[in-house]
Each structure stands twice: as structure tokens, then as C-alpha cells.
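Participant: I am sharing protein_15.txt, which consists of compact mmCIF, C-alpha atoms (C1' of nucleotides):
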# COMPACT_ATOMS: atom_id res chain seq x y z
CA MET M 1 18.38 -34.60 -57.23
CA VAL M 2 17.23 -30.99 -57.32
CA GLU M 3 17.37 -28.97 -60.49
CA LEU M 4 18.69 -25.49 -60.10
CA ARG M 5 20.16 -23.00 -62.54
CA PRO M 6 23.29 -21.03 -61.57
CA SER M 7 21.35 -17.76 -61.50
CA GLN M 8 18.76 -19.30 -59.20
CA ALA M 9 21.47 -20.76 -57.00
CA LEU M 10 23.19 -17.40 -56.62
CA LYS M 11 19.96 -15.59 -55.86
CA LEU M 12 19.13 -18.22 -53.27
CA LEU M 13 22.51 -17.78 -51.60
CA HIS M 14 22.14 -14.03 -51.72
CA ASP M 15 18.67 -14.11 -50.19
CA LEU M 16 19.79 -16.50 -47.50
CA SER M 17 22.92 -14.62 -46.45
CA PHE M 18 20.95 -11.39 -46.68
CA ALA M 19 18.33 -12.76 -44.29
CA LEU M 20 21.04 -13.96 -41.91
CA VAL M 21 22.72 -10.55 -41.94
CA ARG M 22 19.49 -8.57 -41.56
CA ASP M 23 18.08 -10.53 -38.65
CA GLY M 24 21.67 -10.92 -37.53
CA GLU M 25 21.38 -12.17 -34.01
CA THR M 26 23.64 -15.15 -34.11
CA ASP M 27 26.39 -14.21 -36.56
CA LEU M 28 27.92 -17.63 -37.17
CA SER M 29 30.88 -18.12 -39.49
CA ALA M 30 30.99 -20.67 -42.30
CA ARG M 31 33.02 -22.97 -40.08
CA GLN M 32 30.58 -22.75 -37.25
CA ILE M 33 27.62 -23.43 -39.52
CA THR M 34 29.41 -26.44 -40.94
CA VAL M 35 30.09 -27.79 -37.46
CA LEU M 36 26.53 -27.16 -36.36
CA LEU M 37 24.97 -28.84 -39.38
CA THR M 38 27.35 -31.77 -39.20
CA ILE M 39 26.26 -32.38 -35.64
CA TYR M 40 22.56 -32.11 -36.44
CA LEU M 41 22.54 -33.93 -39.77
CA GLU M 42 25.01 -36.74 -39.33
CA PRO M 43 24.55 -39.64 -36.93
CA PRO M 44 26.21 -39.32 -33.50
CA PRO M 45 28.46 -39.63 -31.67
CA HIS M 46 30.50 -36.53 -32.55
CA THR M 47 33.84 -35.91 -30.92
CA VAL M 48 36.21 -32.96 -31.22
CA ARG M 49 38.77 -35.14 -32.91
CA GLY M 50 36.27 -36.56 -35.37
CA LEU M 51 34.83 -33.19 -36.30
CA ALA M 52 38.29 -31.74 -36.82
CA ALA M 53 39.27 -34.60 -39.11
CA LYS M 54 36.01 -34.42 -41.05
CA LEU M 55 36.30 -30.69 -41.69
CA GLY M 56 40.04 -30.69 -42.25
CA VAL M 57 40.77 -28.16 -39.50
CA THR M 58 42.74 -28.25 -36.28
CA LYS M 59 41.22 -29.31 -32.97
CA PRO M 60 41.33 -25.88 -31.32
CA VAL M 61 39.06 -24.64 -34.10
CA ILE M 62 36.47 -27.18 -33.06
CA THR M 63 36.92 -26.50 -29.37
CA ARG M 64 36.40 -22.80 -29.94
CA ALA M 65 33.41 -23.36 -32.20
CA LEU M 66 31.85 -25.54 -29.51
CA ASP M 67 32.63 -22.86 -26.91
CA THR M 68 30.86 -20.19 -28.92
CA MET M 69 27.85 -22.24 -29.91
CA GLY M 70 27.64 -23.76 -26.46
CA ARG M 71 27.46 -20.25 -25.04
CA LEU M 72 24.58 -19.63 -27.45
CA GLY M 73 22.89 -22.80 -26.23
CA LEU M 74 22.94 -24.42 -29.66
CA LEU M 75 24.69 -27.55 -28.37
CA SER M 76 26.32 -28.97 -25.27
CA ARG M 77 29.27 -31.16 -24.32
CA ARG M 78 29.56 -34.24 -22.18
CA ARG M 79 32.47 -36.42 -21.16
CA ASP M 80 32.29 -39.90 -22.62
CA ASP M 81 31.94 -42.29 -19.69
CA ALA M 82 33.33 -45.21 -21.66
CA ASP M 83 36.51 -43.27 -22.45
CA ARG M 84 36.85 -40.20 -20.33
CA ARG M 85 39.37 -38.60 -22.68
CA ASN M 86 36.63 -38.10 -25.22
CA VAL M 87 34.08 -35.33 -25.30
CA VAL M 88 30.75 -36.09 -26.92
CA VAL M 89 28.83 -33.24 -28.49
CA GLN M 90 25.13 -33.28 -27.75
CA ARG M 91 22.22 -31.65 -29.49
CA THR M 92 19.97 -29.26 -27.61
CA VAL M 93 16.36 -28.24 -28.10
CA LYS M 94 17.42 -24.69 -28.89
CA GLY M 95 19.94 -25.90 -31.45
CA ALA M 96 17.39 -28.16 -33.10
CA LEU M 97 14.96 -25.27 -33.36
CA TYR M 98 17.65 -23.05 -34.83
CA VAL M 99 18.55 -25.62 -37.47
CA GLU M 100 14.91 -26.21 -38.27
CA ARG M 101 14.31 -22.51 -38.71
CA LEU M 102 17.32 -22.34 -40.99
CA GLY M 103 15.93 -25.11 -43.18
CA ASP M 104 12.53 -23.46 -43.40
CA LEU M 105 14.19 -20.18 -44.31
CA ILE M 106 15.92 -21.77 -47.29
CA VAL M 107 12.79 -23.59 -48.41
CA GLU M 108 10.84 -20.33 -48.30
CA ARG M 109 13.43 -18.44 -50.29
CA ALA M 110 13.66 -21.26 -52.82
CA LYS M 111 9.91 -21.15 -53.32
CA GLU M 112 10.07 -17.51 -54.28
CA LEU M 113 12.81 -17.93 -56.87
CA PRO M 114 11.91 -17.01 -60.47
CA ARG M 115 11.43 -19.94 -62.80
CA MET L 1 9.77 -21.43 -57.91
CA VAL L 2 12.02 -24.25 -56.81
CA GLU L 3 10.71 -27.10 -54.71
CA LEU L 4 12.89 -28.15 -51.84
CA ARG L 5 12.24 -30.03 -48.64
CA PRO L 6 13.74 -28.77 -45.38
CA SER L 7 16.01 -31.79 -45.10
CA GLN L 8 17.28 -31.19 -48.61
CA ALA L 9 17.77 -27.50 -47.91
CA LEU L 10 19.83 -28.23 -44.81
CA LYS L 11 21.96 -30.82 -46.56
CA LEU L 12 22.55 -28.34 -49.37
CA LEU L 13 23.67 -25.68 -46.92
CA HIS L 14 25.85 -28.17 -45.12
CA ASP L 15 27.50 -29.38 -48.31
CA LEU L 16 28.06 -25.84 -49.51
CA SER L 17 29.59 -24.50 -46.30
CA PHE L 18 31.58 -27.71 -46.01
CA ALA L 19 33.02 -27.18 -49.49
CA LEU L 20 33.84 -23.56 -48.67
CA VAL L 21 35.61 -24.60 -45.46
CA ARG L 22 37.52 -27.50 -47.02
CA ASP L 23 38.84 -25.61 -50.04
CA GLY L 24 39.02 -22.62 -47.72
CA GLU L 25 41.03 -20.14 -49.72
CA THR L 26 38.93 -17.03 -49.49
CA ASP L 27 37.16 -17.29 -46.14
CA LEU L 28 34.48 -14.62 -46.59
CA SER L 29 31.98 -13.83 -43.86
CA ALA L 30 28.22 -13.82 -44.35
CA ARG L 31 28.29 -10.05 -44.58
CA GLN L 32 31.00 -10.06 -47.19
CA ILE L 33 29.20 -12.66 -49.29
CA THR L 34 26.02 -10.64 -49.09
CA VAL L 35 27.84 -7.50 -50.24
CA LEU L 36 29.56 -9.37 -53.05
CA LEU L 37 26.38 -10.98 -54.35
CA THR L 38 24.41 -7.76 -54.08
CA ILE L 39 26.99 -6.07 -56.27
CA TYR L 40 27.02 -8.86 -58.84
CA LEU L 41 23.31 -9.66 -58.91
CA GLU L 42 21.61 -6.29 -58.58
CA PRO L 43 21.81 -3.53 -61.17
CA PRO L 44 24.46 -0.85 -60.63
CA PRO L 45 25.39 1.69 -59.52
CA HIS L 46 26.31 0.59 -55.98
CA THR L 47 27.50 3.11 -53.43
CA VAL L 48 28.74 2.62 -49.87
CA ARG L 49 25.75 4.47 -48.53
CA GLY L 50 23.31 2.44 -50.61
CA LEU L 51 24.83 -0.90 -49.67
CA ALA L 52 24.85 0.00 -45.98
CA ALA L 53 21.18 0.97 -46.10
CA LYS L 54 20.21 -2.13 -48.06
CA LEU L 55 21.95 -4.50 -45.67
CA GLY L 56 21.01 -2.61 -42.53
CA VAL L 57 24.60 -2.15 -41.35
CA THR L 58 26.81 0.84 -40.70
CA LYS L 59 28.97 2.41 -43.38
CA PRO L 60 32.32 1.36 -41.92
CA VAL L 61 31.20 -2.23 -42.31
CA ILE L 62 30.82 -1.66 -46.05
CA THR L 63 34.08 0.24 -46.31
CA ARG L 64 35.92 -2.59 -44.61
CA ALA L 65 34.21 -5.26 -46.67
CA LEU L 66 35.21 -3.39 -49.83
CA ASP L 67 38.76 -3.08 -48.51
CA THR L 68 39.05 -6.80 -47.93
CA MET L 69 37.42 -7.93 -51.17
CA GLY L 70 39.22 -5.23 -53.11
CA ARG L 71 42.50 -6.64 -51.80
CA LEU L 72 41.36 -10.02 -53.08
CA GLY L 73 40.63 -8.47 -56.48
CA LEU L 74 36.95 -9.39 -56.32
CA LEU L 75 35.83 -5.79 -56.97
CA SER L 76 37.15 -2.27 -57.30
CA ARG L 77 36.18 1.27 -56.36
CA ARG L 78 35.96 4.46 -58.39
CA ARG L 79 35.06 8.02 -57.50
CA ASP L 80 31.84 9.17 -59.07
CA ASP L 81 32.75 12.04 -61.41
CA ALA L 82 29.25 13.47 -61.28
CA ASP L 83 29.39 13.77 -57.49
CA ARG L 84 32.87 13.31 -56.16
CA ARG L 85 31.65 12.54 -52.67
CA ASN L 86 30.31 9.22 -53.91
CA VAL L 87 32.25 6.05 -54.47
CA VAL L 88 30.96 3.63 -57.07
CA VAL L 89 31.71 -0.06 -56.66
CA GLN L 90 32.77 -1.82 -59.84
CA ARG L 91 32.79 -5.45 -60.79
CA THR L 92 35.99 -7.17 -61.84
CA VAL L 93 36.74 -10.17 -64.02
CA LYS L 94 38.12 -12.06 -61.07
CA GLY L 95 35.05 -11.28 -59.01
CA ALA L 96 32.72 -12.39 -61.79
CA LEU L 97 34.61 -15.67 -62.07
CA TYR L 98 34.45 -16.19 -58.32
CA VAL L 99 30.69 -15.62 -58.25
CA GLU L 100 30.20 -17.88 -61.24
CA ARG L 101 32.18 -20.65 -59.59
CA LEU L 102 30.09 -20.24 -56.46
CA GLY L 103 26.89 -20.65 -58.47
CA ASP L 104 28.19 -23.75 -60.18
CA LEU L 105 29.21 -25.19 -56.82
CA ILE L 106 25.68 -24.87 -55.50
CA VAL L 107 24.13 -26.30 -58.66
CA GLU L 108 26.45 -29.29 -58.44
CA ARG L 109 25.63 -29.96 -54.80
CA ALA L 110 21.92 -29.56 -55.48
CA LYS L 111 22.13 -32.14 -58.25
CA GLU L 112 23.53 -34.70 -55.85
CA LEU L 113 20.84 -34.26 -53.21
CA PRO L 114 18.71 -37.31 -52.45
CA ARG L 115 15.20 -37.18 -53.84
C1' DA X 1 52.95 -50.40 -12.15
C1' DG X 2 55.04 -47.44 -15.48
C1' DA X 3 56.05 -45.42 -20.19
C1' DG X 4 54.09 -43.66 -23.91
C1' DA X 5 49.98 -42.57 -26.82
C1' DA X 6 45.64 -40.20 -27.39
C1' DC X 7 42.41 -36.64 -26.39
C1' DA X 8 40.54 -32.05 -25.36
C1' DA X 9 41.63 -27.72 -23.59
C1' DT X 10 44.54 -23.76 -22.96
C1' DA X 11 48.40 -20.14 -23.71
C1' DC X 12 50.45 -17.20 -26.81
C1' DG X 13 51.09 -13.76 -30.38
C1' DC X 14 48.96 -12.18 -34.41
C1' DC X 15 45.28 -10.62 -37.25
C1' DT X 16 40.52 -9.09 -38.53
C1' DC X 17 36.29 -7.48 -37.38
C1' DC X 18 33.00 -4.69 -34.68
C1' DG X 19 30.25 -0.02 -33.41
C1' DA X 20 30.65 4.78 -32.22
C1' DA X 21 32.69 8.88 -32.97
C1' DA X 22 35.54 12.11 -35.36
C1' DC X 23 37.51 13.70 -39.74
C1' DG X 24 38.42 15.60 -44.50
C1' DA X 25 36.47 16.35 -48.90
C1' DT X 26 32.68 17.71 -51.66
C1' DC X 27 28.18 19.41 -52.75
C1' DT X 28 23.84 22.36 -51.99
C1' DC X 29 21.46 26.31 -51.39
C1' DC X 30 20.63 30.99 -49.91
C1' DG V 1 31.05 33.00 -51.12
C1' DG V 2 29.90 30.71 -46.91
C1' DA V 3 27.19 27.68 -43.61
C1' DG V 4 25.51 23.40 -43.26
C1' DA V 5 24.52 18.81 -45.11
C1' DT V 6 26.26 14.61 -47.20
C1' DC V 7 29.59 11.00 -48.25
C1' DG V 8 33.28 7.81 -47.50
C1' DT V 9 37.13 6.93 -44.61
C1' DT V 10 39.79 6.64 -40.43
C1' DT V 11 40.54 6.18 -35.50
C1' DC V 12 39.77 4.09 -31.11
C1' DG V 13 39.12 0.48 -27.69
C1' DG V 14 37.33 -3.99 -27.39
C1' DA V 15 36.01 -8.71 -28.75
C1' DG V 16 36.86 -12.92 -31.07
C1' DG V 17 39.10 -15.93 -34.45
C1' DC V 18 43.38 -18.13 -36.20
C1' DG V 19 47.58 -21.75 -35.96
C1' DT V 20 51.28 -23.51 -33.25
C1' DA V 21 52.84 -25.29 -29.26
C1' DT V 22 52.07 -26.82 -24.67
C1' DT V 23 49.45 -28.82 -20.66
C1' DG V 24 46.59 -31.98 -17.91
C1' DT V 25 43.98 -36.03 -17.91
C1' DT V 26 42.96 -40.62 -19.22
C1' DC V 27 43.77 -44.83 -21.57
C1' DT V 28 46.74 -48.74 -23.53
C1' DC V 29 49.96 -52.12 -23.48
C1' DT V 30 53.71 -54.79 -21.84
If you took the structure in this file and wrote it as C-alpha cells, what would it be?
Facilitator:
Amino acid sequence: MVELRPSQALKLLHDLSFALVRDGETDLSARQITVLLTIYLEPPPHTVRGLAAKLGVTKPVITRALDTMGRLGLLSRRRDDADRRNVVVQRTVKGALYVERLGDLIVERAKELPR
Amino acid sequence: MVELRPSQALKLLHDLSFALVRDGETDLSARQITVLLTIYLEPPPHTVRGLAAKLGVTKPVITRALDTMGRLGLLSRRRDDADRRNVVVQRTVKGALYVERLGDLIVERAKELPR
DNA sequence: AGAGAACAATACGCCTCCGAAACGATCTCC
DNA sequence: GGAGATCGTTTCGGAGGCGTATTGTTCTCT
């Protein structure tokens, strides 16, 4: 439970998106960020099918998101040996660092919010 | 000053982007959200030139963002009568409601975060 | 073993966005 | 009044995302 007023919430969102745009190296969409955070916050394993169902989008959306973020090194894919139809999404060091940095960014911005 | 742990911050971002993706009606990019919140949170007047400089992007990016969000009714444009080269961005009722709803969404999600 | 289901990836046509450059309108200043 | 600066928009070629439909591979079940 975190107490937050609407004006603080909006300023926080503004500051965050502003920081992402300014230092804009990665340029991830809302969908991609959701996929990334789901993978790094929720317990594995994560499959394409499961992610698609969880987010309420089609499978190609997940495949493409994994393509893009895989290219950026934020995650990787591996065939499931138990059932070789499945693809298991794996975390990477680079992805973990990116997510960590993102969390710190929000914490910092939250600290500087007016009372 | 709002206290927030990194894990809480990440869960908040996850829940927010998840909600935006699930109810995905508008589908605004990070840049568009930044423009929208700048207009609604910072004191007017807002010009294309000023917004571009503030966000560190080129002017066409602002023009296109205003096109898209104008089409959605989230804001409107008006020629500046004092200097007719300038375009002044104006807030709309629909835009104000959208921003307000966004703030409430974050506050709600923040409330439900684990201690 | 063979038919059908399940899974991820790909093909296709469409749409939006991007940065750089060019453009038209308007103002400034001598 | 006229040259040059300033402002927002448009154009151009290119890149990437979207949803639907299809494909190739692998598993399941009798």
C-alpha cells in the first residue's frame, strides 16, 4: 500500500516518460515494457502462448516483441526440451540491469515529488 | 517526497502498462504521453517549438503527435494572434478527462501494492 | 503408425512513425 | 519595402508494428 495523490501520480508518470524520451536509447512501446516486466517480475517459465494469453494479445505480437527485445539483448529464447513445441523465454544479465535501472529511475523521481 | 522501493516501483509500472495494454483503446507512445502530460501539467502557453526543445526531439515529431492526439480529441491547436507564425496548443475537456483517469489509475494501482 | 491438436514463427497487406530536407507563411529590422 | 530569420507543416524514403491467415514442427491419443 503506497499513498499517492493523483497530481503526484501524474507528475511521476510525466517525469518517467520524459526521462525515457530524453535518454531515448531503447524506445520500447507499452506492450514491450509489459512483456519485459512480466518476464522479470513473475515466476518462470514464460512461453509465447502464456504471455499472449496473460496480456490479451495475439501470439505474433509476443513473437515480435521477443524478436525486438532479443535483438537488444534484454532477453533470450530457448526451446523447451521437455516439449519441443514450446519456447521458453529466459532472462539475461543485460535485461536484468535494464529493469533494475528502470526501478531505480522511478524511485528517484518519486523521491523528488512535492508533498 | 514519496517513499517507494524498487520492487514496488517496478510492480507499479508493470500494473500500469498492463492496464493500458489490456484496455488498450488509445495506444499512445511514450513520446505522445510525455507531450500530453507536459501540456496538461505545465503552465501554458505551449508551442510546437517549445515542446520540441523541452523534449529534445525534432519539430515534426511534435507536429505528428499533435495530429494524432488532436484526432483523438485530447487537445486542439490555435494560431497565435499576436504572432501568426506560432501555434498554441490548447487543452480540451476530453483530454482533461483522459489525464484525470490516468492519474486515478496510477493511484489505484499504487494503493494495491504490497507493503 | 497415423490423424488431428497445439505451438511458435512467418507471410501478407496495411498503417504509423521516424529523421532530414524542403516549403509556405509570417515577422523583424534596416 | 525588401532580405533574411523564424515557425509550423509537408514530403520523402525507410523502418517497424499491427491482425489475420498460413506454415512447419512436435506432441497426443487411439
Participant: Find the residues of chain M that sit at most 8 Å from chain X; for each, write down the nearest two atoms and how far apart they are in Å, to one decimal. Count all atoms listed in the file. Sort by chain, then by number going up, and give it as a Markdown table.
Facilitator:
| residue | atom | partner | partner_atom | distance |
| --- | --- | --- | --- | --- |
| M:Val48 | CA | X:DA8 | C1' | 7.3 |
| M:Arg49 | CA | X:DC7 | C1' | 7.6 |
| M:Pro60 | CA | X:DA9 | C1' | 8.0 |
| M:Thr63 | CA | X:DA9 | C1' | 7.6 |
| M:Arg85 | CA | X:DC7 | C1' | 5.2 |
| M:Asn86 | CA | X:DC7 | C1' | 6.1 |
| M:Val87 | CA | X:DA8 | C1' | 7.2 |
Participant: Would you mind listing, for every residue of chain M within 10 Å of chain L, the two atoms forming the shortest contact and the distance between them in Å to one decimal, using only C-alpha atoms, sorted by chain and ascending residue number, as JSON lines?
Facilitator:
{"residue": "M:Met1", "atom": "CA", "partner": "L:Lys111", "partner_atom": "CA", "distance": 4.6}
{"residue": "M:Val2", "atom": "CA", "partner": "L:Lys111", "partner_atom": "CA", "distance": 5.1}
{"residue": "M:Glu3", "atom": "CA", "partner": "L:Lys111", "partner_atom": "CA", "distance": 6.1}
{"residue": "M:Leu4", "atom": "CA", "partner": "L:Val107", "partner_atom": "CA", "distance": 5.7}
{"residue": "M:Arg5", "atom": "CA", "partner": "L:Val107", "partner_atom": "CA", "distance": 6.5}
{"residue": "M:Pro6", "atom": "CA", "partner": "L:Gly103", "partner_atom": "CA", "distance": 4.8}
{"residue": "M:Ser7", "atom": "CA", "partner": "L:Gly103", "partner_atom": "CA", "distance": 6.9}
{"residue": "M:Gln8", "atom": "CA", "partner": "L:Gly103", "partner_atom": "CA", "distance": 8.3}
{"residue": "M:Ala9", "atom": "CA", "partner": "L:Gly103", "partner_atom": "CA", "distance": 5.6}
{"residue": "M:Leu10", "atom": "CA", "partner": "L:Gly103", "partner_atom": "CA", "distance": 5.3}
{"residue": "M:Lys11", "atom": "CA", "partner": "L:Leu41", "partner_atom": "CA", "distance": 7.5}
{"residue": "M:Leu12", "atom": "CA", "partner": "L:Ile106", "partner_atom": "CA", "distance": 9.6}
{"residue": "M:Leu13", "atom": "CA", "partner": "L:Leu37", "partner_atom": "CA", "distance": 8.3}
{"residue": "M:His14", "atom": "CA", "partner": "L:Thr34", "partner_atom": "CA", "distance": 5.8}
{"residue": "M:Asp15", "atom": "CA", "partner": "L:Thr34", "partner_atom": "CA", "distance": 8.2}
{"residue": "M:Leu16", "atom": "CA", "partner": "L:Thr34", "partner_atom": "CA", "distance": 8.7}
{"residue": "M:Ser17", "atom": "CA", "partner": "L:Thr34", "partner_atom": "CA", "distance": 5.7}
{"residue": "M:Phe18", "atom": "CA", "partner": "L:Thr34", "partner_atom": "CA", "distance": 5.7}
{"residue": "M:Ala19", "atom": "CA", "partner": "L:Leu55", "partner_atom": "CA", "distance": 9.1}
{"residue": "M:Leu20", "atom": "CA", "partner": "L:Ala30", "partner_atom": "CA", "distance": 7.6}
{"residue": "M:Val21", "atom": "CA", "partner": "L:Arg31", "partner_atom": "CA", "distance": 6.2}
{"residue": "M:Arg22", "atom": "CA", "partner": "L:Gly56", "partner_atom": "CA", "distance": 6.2}
{"residue": "M:Asp23", "atom": "CA", "partner": "L:Gly56", "partner_atom": "CA", "distance": 9.3}
{"residue": "M:Gly24", "atom": "CA", "partner": "L:Arg31", "partner_atom": "CA", "distance": 9.7}
{"residue": "M:Asp27", "atom": "CA", "partner": "L:Ala30", "partner_atom": "CA", "distance": 8.0}
{"residue": "M:Leu28", "atom": "CA", "partner": "L:Ala30", "partner_atom": "CA", "distance": 8.1}
{"residue": "M:Ser29", "atom": "CA", "partner": "L:Ser29", "partner_atom": "CA", "distance": 6.2}
{"residue": "M:Ala30", "atom": "CA", "partner": "L:Ser17", "partner_atom": "CA", "distance": 5.7}
{"residue": "M:Arg31", "atom": "CA", "partner": "L:Val21", "partner_atom": "CA", "distance": 6.2}
{"residue": "M:Gln32", "atom": "CA", "partner": "L:Ser17", "partner_atom": "CA", "distance": 9.3}
{"residue": "M:Ile33", "atom": "CA", "partner": "L:Ser17", "partner_atom": "CA", "distance": 7.1}
{"residue": "M:Thr34", "atom": "CA", "partner": "L:Phe18", "partner_atom": "CA", "distance": 5.7}
{"residue": "M:Val35", "atom": "CA", "partner": "L:Phe18", "partner_atom": "CA", "distance": 8.7}
{"residue": "M:Leu36", "atom": "CA", "partner": "L:His14", "partner_atom": "CA", "distance": 8.8}
{"residue": "M:Leu37", "atom": "CA", "partner": "L:His14", "partner_atom": "CA", "distance": 5.8}
{"residue": "M:Thr38", "atom": "CA", "partner": "L:His14", "partner_atom": "CA", "distance": 7.1}
{"residue": "M:Tyr40", "atom": "CA", "partner": "L:Leu10", "partner_atom": "CA", "distance": 9.6}
{"residue": "M:Leu41", "atom": "CA", "partner": "L:Lys11", "partner_atom": "CA", "distance": 7.5}
{"residue": "M:Glu42", "atom": "CA", "partner": "L:Lys11", "partner_atom": "CA", "distance": 9.8}
{"residue": "M:Lys54", "atom": "CA", "partner": "L:Arg22", "partner_atom": "CA", "distance": 9.3}
{"residue": "M:Leu55", "atom": "CA", "partner": "L:Arg22", "partner_atom": "CA", "distance": 6.3}
{"residue": "M:Gly56", "atom": "CA", "partner": "L:Arg22", "partner_atom": "CA", "distance": 6.3}
{"residue": "M:Val57", "atom": "CA", "partner": "L:Arg22", "partner_atom": "CA", "distance": 8.2}
{"residue": "M:Val99", "atom": "CA", "partner": "L:Leu10", "partner_atom": "CA", "distance": 7.9}
{"residue": "M:Glu100", "atom": "CA", "partner": "L:Pro6", "partner_atom": "CA", "distance": 7.6}
{"residue": "M:Arg101", "atom": "CA", "partner": "L:Pro6", "partner_atom": "CA", "distance": 9.2}
{"residue": "M:Leu102", "atom": "CA", "partner": "L:Leu10", "partner_atom": "CA", "distance": 7.5}
{"residue": "M:Gly103", "atom": "CA", "partner": "L:Pro6", "partner_atom": "CA", "distance": 4.8}
{"residue": "M:Asp104", "atom": "CA", "partner": "L:Pro6", "partner_atom": "CA", "distance": 5.8}
{"residue": "M:Leu105", "atom": "CA", "partner": "L:Pro6", "partner_atom": "CA", "distance": 8.7}
{"residue": "M:Ile106", "atom": "CA", "partner": "L:Ala9", "partner_atom": "CA", "distance": 6.1}
{"residue": "M:Val107", "atom": "CA", "partner": "L:Leu4", "partner_atom": "CA", "distance": 5.7}
{"residue": "M:Glu108", "atom": "CA", "partner": "L:Leu4", "partner_atom": "CA", "distance": 8.8}
{"residue": "M:Arg109", "atom": "CA", "partner": "L:Val2", "partner_atom": "CA", "distance": 8.8}
{"residue": "M:Ala110", "atom": "CA", "partner": "L:Val2", "partner_atom": "CA", "distance": 5.2}
{"residue": "M:Lys111", "atom": "CA", "partner": "L:Met1", "partner_atom": "CA", "distance": 4.6}
{"residue": "M:Glu112", "atom": "CA", "partner": "L:Met1", "partner_atom": "CA", "distance": 5.4}
{"residue": "M:Leu113", "atom": "CA", "partner": "L:Met1", "partner_atom": "CA", "distance": 4.8}
{"residue": "M:Pro114", "atom": "CA", "partner": "L:Met1", "partner_atom": "CA", "distance": 5.5}
{"residue": "M:Arg115", "atom": "CA", "partner": "L:Met1", "partner_atom": "CA", "distance": 5.4}
Participant: Counting only C-alpha atoms (C1' of nucleotides), give me one row per residue of chain M with an atom at most 9 Å from an atom of chain V, showing the shortest contact pair and its distance in Å to one decimal, sorted by chain then residue number, as JSON lines.
Facilitator:
{"residue": "M:Thr58", "atom": "CA", "partner": "V:DG19", "partner_atom": "C1'", "distance": 8.1}
{"residue": "M:Pro60", "atom": "CA", "partner": "V:DG19", "partner_atom": "C1'", "distance": 8.8}
{"residue": "M:Val61", "atom": "CA", "partner": "V:DC18", "partner_atom": "C1'", "distance": 8.1}
{"residue": "M:Arg64", "atom": "CA", "partner": "V:DG17", "partner_atom": "C1'", "distance": 8.7}
{"residue": "M:Asp83", "atom": "CA", "partner": "V:DC27", "partner_atom": "C1'", "distance": 7.5}
{"residue": "M:Arg84", "atom": "CA", "partner": "V:DT26", "partner_atom": "C1'", "distance": 6.2}
{"residue": "M:Arg85", "atom": "CA", "partner": "V:DT26", "partner_atom": "C1'", "distance": 5.4}
Participant: Between L:Arg71, L:Arg78, L:Lys59, L:Arg91, which has the minimum distance to Pro43 (chain L) (counting all atoms listed in the file)?
Facilitator: L:Arg91
Participant: I'd like the interatomic distance between CA of Asp67 (chain M) and CA of Thr26 (chain L), to a tenth of an Å.
Facilitator: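 A separation of 24.2 Å between them.
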Participant: Any idea what the distance is between CA of Ala52 (chain L) and CA of Tyr98 (chain M)?
Facilitator: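 So the answer is 26.6 Å.
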Participant: CA of Asp81 (chain L) and CA of Ala53 (chain L), how far apart in Å?
Facilitator: 22.2 Å
Participant: Would you mind putting back N, CA and C atoms on region 28-39 of chain M, then writing it out as an mmCIF file, in the coordinates of the input?
Facilitator:
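Contents of the output file out_24.cif:
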data_model
loop_
_atom_site.group_PDB
_atom_site.id
_atom_site.type_symbol
_atom_site.label_atom_id
_atom_site.label_comp_id
_atom_site.auth_asym_id
_atom_site.auth_seq_id
_atom_site.Cartn_x
_atom_site.Cartn_y
_atom_site.Cartn_z
ATOM 1 N N LEU M 28 27.028 -16.474 -37.127
ATOM 2 C CA LEU M 28 27.920 -17.630 -37.170
ATOM 3 C C LEU M 28 28.769 -17.592 -38.439
ATOM 4 N N SER M 29 29.999 -18.057 -38.323
ATOM 5 C CA SER M 29 30.880 -18.120 -39.490
ATOM 6 C C SER M 29 30.592 -19.394 -40.274
ATOM 7 N N ALA M 30 31.192 -19.482 -41.463
ATOM 8 C CA ALA M 30 30.990 -20.670 -42.300
ATOM 9 C C ALA M 30 31.432 -21.925 -41.555
ATOM 10 N N ARG M 31 32.527 -21.811 -40.829
ATOM 11 C CA ARG M 31 33.020 -22.970 -40.080
ATOM 12 C C ARG M 31 32.034 -23.400 -39.013
ATOM 13 N N GLN M 32 31.506 -22.423 -38.318
ATOM 14 C CA GLN M 32 30.580 -22.750 -37.250
ATOM 15 C C GLN M 32 29.315 -23.387 -37.804
ATOM 16 N N ILE M 33 28.808 -22.851 -38.914
ATOM 17 C CA ILE M 33 27.620 -23.430 -39.520
ATOM 18 C C ILE M 33 27.887 -24.860 -39.970
ATOM 19 N N THR M 34 29.065 -25.083 -40.511
ATOM 20 C CA THR M 34 29.410 -26.440 -40.940
ATOM 21 C C THR M 34 29.435 -27.395 -39.754
ATOM 22 N N VAL M 35 30.044 -26.957 -38.669
ATOM 23 C CA VAL M 35 30.090 -27.790 -37.460
ATOM 24 C C VAL M 35 28.676 -28.067 -36.959
ATOM 25 N N LEU M 36 27.887 -27.021 -36.873
ATOM 26 C CA LEU M 36 26.530 -27.160 -36.360
ATOM 27 C C LEU M 36 25.709 -28.144 -37.202
ATOM 28 N N LEU M 37 25.766 -27.983 -38.518
ATOM 29 C CA LEU M 37 24.970 -28.840 -39.380
ATOM 30 C C LEU M 37 25.493 -30.271 -39.389
ATOM 31 N N THR M 38 26.797 -30.426 -39.277
ATOM 32 C CA THR M 38 27.350 -31.770 -39.200
ATOM 33 C C THR M 38 26.796 -32.496 -37.986
ATOM 34 N N ILE M 39 26.753 -31.784 -36.872
ATOM 35 C CA ILE M 39 26.260 -32.380 -35.640
ATOM 36 C C ILE M 39 24.774 -32.738 -35.740
#
